[in-house]
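Below: the structure, in structure tokens.
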Amino acid sequence: MEVSVLETHLEKLLKLGGAMLESGRQFCSHSKSFASGIQDLSQNSSGDTLMSGCLEKFSQSLNRMMEQQQELLETAQQSLKQQLQTLVKEDIKHFKETRKEFERGSEGLASALHHNAEVPRRRHHEAEDAVVTLKAARTTFRNRALDYVLQINIIQSKKKFEILKFILSFMEAQSIFLEQGSQESKQLEEYRKGLAVQLHELVLESAREKRDMEQRHAVIKQKDLTQEDDIPEIQAEPGQVVMEGYLYKRASNAFKTWSRRWFSIQNSQLVYQKKAKDGLTVVVEDLRLCTVKPCPDHERRFCFEVVSPSKSCLLQADSERHLQAWMCAVQSSIASAYNEDYPESPGQPLERSTSLSATLQSPSSRKLRGGVDKQVVDQVQRLEGNAQCCDCREPAPEWASINLGITLCIECSGIHRSLGVHFSKVRSLTLDAWEPELVKLMSVLGNRVINQIYEARVEEMNMKRPQPGSSRSEKEAWIRAKYVERKFITKFPNTGGPPSSSREPPRGPERSPRPFPKPKPPGHIRRNTGAREGISPSRAAPALPTMADALAHGADVNWVNTAQESRTPLLQAVAANSLLACEFLLQNGANVNQADSKGQGPLHHATILGHTGLACLARTRWAIAIDSANADIVTLLRLAKMREAELALGQSGDETYLDIFQDFSFMASNDPEKLARRAYDLRLTTL
């Protein structure tokens with residue numbers, strides 16, 4: 001009974017010891033996490049040596065204490081396992097087995113005694129067997145009784161030194177832990193005393209500062225608090241936020257709601273956030289492509305507009321001072337973004353307002369992107385009517401529609417872009433590459449010629465043109481009526497003719513489209529058109545104004561002339577050896593693959609007629625080799641076919657197409673002697 005009670009107490013102690021060890025480990029783990037939090041807090045106070053030094057020192061001390069406590073727990077676990085657990089699991093278990101054997105021997109002896117007593121006197125043989133069985137049972141019982149007594153003595157002996165040994169080992173570990181903690185505390189004693197003195201001084205200083213702040217607070221509250229907020233200073237350092245603050249932004253949905261957002265100008269972009277933790281929403285991707293203007297006529301005060309080719313953003317500041325500051329910041333960022341890509345020469349600073357056109361007047365920017373001479377672009381802008389936007393008359397336009405041959409302001413260019421490339425292909429005059437043939441095309445057409453076609457009946461219809469300050473919706477309505485619906489062109493009576501253009505036909509009185517005019521050779525110039533400024537008669541374009549007029553009146557750019565072997569306008573331009581006419585037709589959607597009645601396409605005709613020196617296309621589909629000449633019509637048609645093949649495969653091909661065509665076009669314009677060809681005909685090579 002005594003051993004059973006001992007076993008119960010030991011098992012309870014083992015269970016309590018296991019719980020103590022588990023909670024101790026959790027305590028150490030949480031304490032270490034707490035010490036790490038103190039260390040992180042010290043890094044947050046790197047500017048304050050007193051605070052950071054104190055937190056760093058105490059976090060290190062706590063970590064060392066936790067390591068020592070972990071050693072205590074390991075020692076306690078080892079003692080429990082070696083002493084108490086061995087006593088319970090091995091010695092007491094063996095004692096229980098011996099007791100069971102003793103009990104079985106006792107039962108055997110009792111059974112033998114009972115059998116011996118029941119044997120009758122007359123059965124001598126059974127009596128002798130019973131006596132023998134009784135002797136064996138008595139012997140077994142006595143042996144097992146001796147074993148049982150031995151195990152009782154062993155347990156009684158072991159329980160003393162095993163329990164005492166465990167307690168001694170555990171208390172020694174506790175003593176070592178407390179001693180180490182005391183030493184750790186003594187090492188911090190001087191520091192803690194000094195820190196206590198500094199802390200007392202800090203408390204007194206904090207009380208004085210609180211009193212001073214309360215006094216200043218009372219004085220400030222007596223002053224006028226209705227003054228406007230300070231205007232943040234514009235930062236000019238690269239990589240910094242130029243300016244930031246709250247602005248109201250009008251939504252682009254049908255409700256036109258206004259929302260207050262935190263705006264900033266950074267990395268040549270205008271961005272905003274709804275909340276501090278939200279990501280940045282980009283309003284303007286590249287400030288070089290933007291302009292900014294006030295909106296004094298808007299019903300809300302302090303409004304200004306940031307206009308890009310794709311959209312415009314109407315914003316509202318809190319006051320007139322804030323409005324001027326934001327406009328100045330946007331204008332400054334536009335100039336900075338442009339100057340980063342186009343650095344000026346020393347001693348010749350690049351002066352720039354909100355318009356990029358000022359850079360065209362600077363001698364420090366002789367070459368524009370793509371290597372085009374600045375004088376060529378100046379030539380386009382100097383043409384009659386090109387100094388203003390073709391649609392709203394805003395001065396210094398910086399964008400162009402290359403298939404229409406007109407110059408545009410940034411807002412009108414965004415509207416043109418929204419019409420789709422089948423109506424207008426928009427390109428920047430200052431930021432994009434310009435091939436010489438496109439510059440020639442722009443020089444031959446221009447705003448005056450195109451407006452004579454698309455605004456022929458504006459005065460007659462008493463229509464009011466939009467002005468630079470007109471709203472975007474007014475400009476968009478005018479541009480759609482002018483180019484999509486073609487309301488203002490001269491109307492013709494029904495005459496019958498070829499199929500109409502693939503572009504949307506003009507609305508109004510019904511009429512049949514005219515056949516596309518036949519392109520003339522380069523030497524032929526319409527008398528009523530005359531030579532343009534900067535374009536010599538020998539290099540003048542064919543009657544592009546006539547072709548533009550025909551397109552405006554619904555002529556089909558891919559019209560098939562059945563009377564002349566089913567030739568298209570592009571085939572006629574190839575026959576006339578007019579690279580500029582081919583360029584114009586391709587920009588306006590001419591099909592480079594459409595063949596005549598003999599199955600011969602534009603590329604075949606150009607090669608047979610000897611209008612190029614292109615020899616082969618080898619190695620890769622974009623690898624081009626030149627044989628004693630340069631690309632003109634065949635090169636243009638080859639590249640157009642390549643681009644069309646890329647589009648059919650779901651690839652844009654624009655970048656490669658433009659790069660290759662640009663190289664050939666520059667060579668044709670700058671080295672015309674390379675156009676001399678061999679006496680024999682060139683044969684087409686297989687793509």
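Residues are named by chain letter and number: chains run A, B, ... in the order of the structure tokens, numbers start at 1 in each chain, and ligands are numbered from 1 in the order shown.
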Practice problem: Just the residues within 12 Å of Leu168 in chain A, please, counting only C-alpha atoms, with nothing from its chain fewer than 4 positions along; format it as a ChimeraX atom specification. | Solution: /A:75-76,79-80,83,161-164,172-175
Self-check item: Shell of 12 Å around His298 in chain A, only C-alpha atoms, local chain residues under 2 positions omitted, as a list in words
Solution: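 Using only C-alpha atoms, the neighbours found are Pro294, Cys295, Pro296, Arg300, Arg301, Phe302, Cys303, Phe304, Glu305, Leu314, Leu315, Gln316, Gly469, Ser470 and Ser471 of chain A.
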Exercise. Enumerate as a count of residues only all residues of range 129-340 of chain A assigned to alpha helix (DSSP H) by DSSP on the backbone, naming them with the chain letters and numbers the document uses.
Key: 113
Quiz item: Which residues, written as a list of chain:residue names, have at least one atom at most 6 Å from range 383-390 of chain A, with only C-alpha atoms counted and residues fewer than 4 positions away on the same chain left out?
Solution: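 That gives A:Glu394, A:Pro395, A:Ala396, A:Pro397, A:Thr407, A:Leu408, A:Cys409, A:Asn447, A:Arg448.
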Practice problem: Kindly indicate which residue among A:Lys482, A:Ala543, A:Phe488, A:Val284 lies nearest to Leu445 in chain A, using only C-alpha atoms for the distances. | Solution: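 Answer, going by the shortest atom-to-atom distance: A:Ala543.
Distances from A:Gln78, A:Gln467, A:Gln235, A:Asn403 to Gly18 in chain A were compared using only C-alpha atoms, and the smallest one belongs to A:Gln78.
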Practice problem: Check the smallest atom-to-atom distance from each of A:Trp326, A:Met65, A:Leu579, A:Gln587 to Ser182 in chain A using only C-alpha atoms, then report the winner. | Solution: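 With only C-alpha atoms as the atom set, the closest residue is A:Met65.
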Quiz prompt | Gap from CA of Ala575 in chain A to CA of Val421 in chain A - Å, one decimal | solution = 27.2 Å
Quiz item: Quick one: distance from CA of Gly446 in chain A to CA of Leu571 in chain A in Å, one decimal?
Solution: 25.2 Å
Practice problem: Could you jot down the CA of Met243 in chain A to CA of Ser264 in chain A separation for me, Å, one decimal place? | Solution: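 Computed distance, CA of Met243 in chain A to CA of Ser264 in chain A, equals 5.6 Å.
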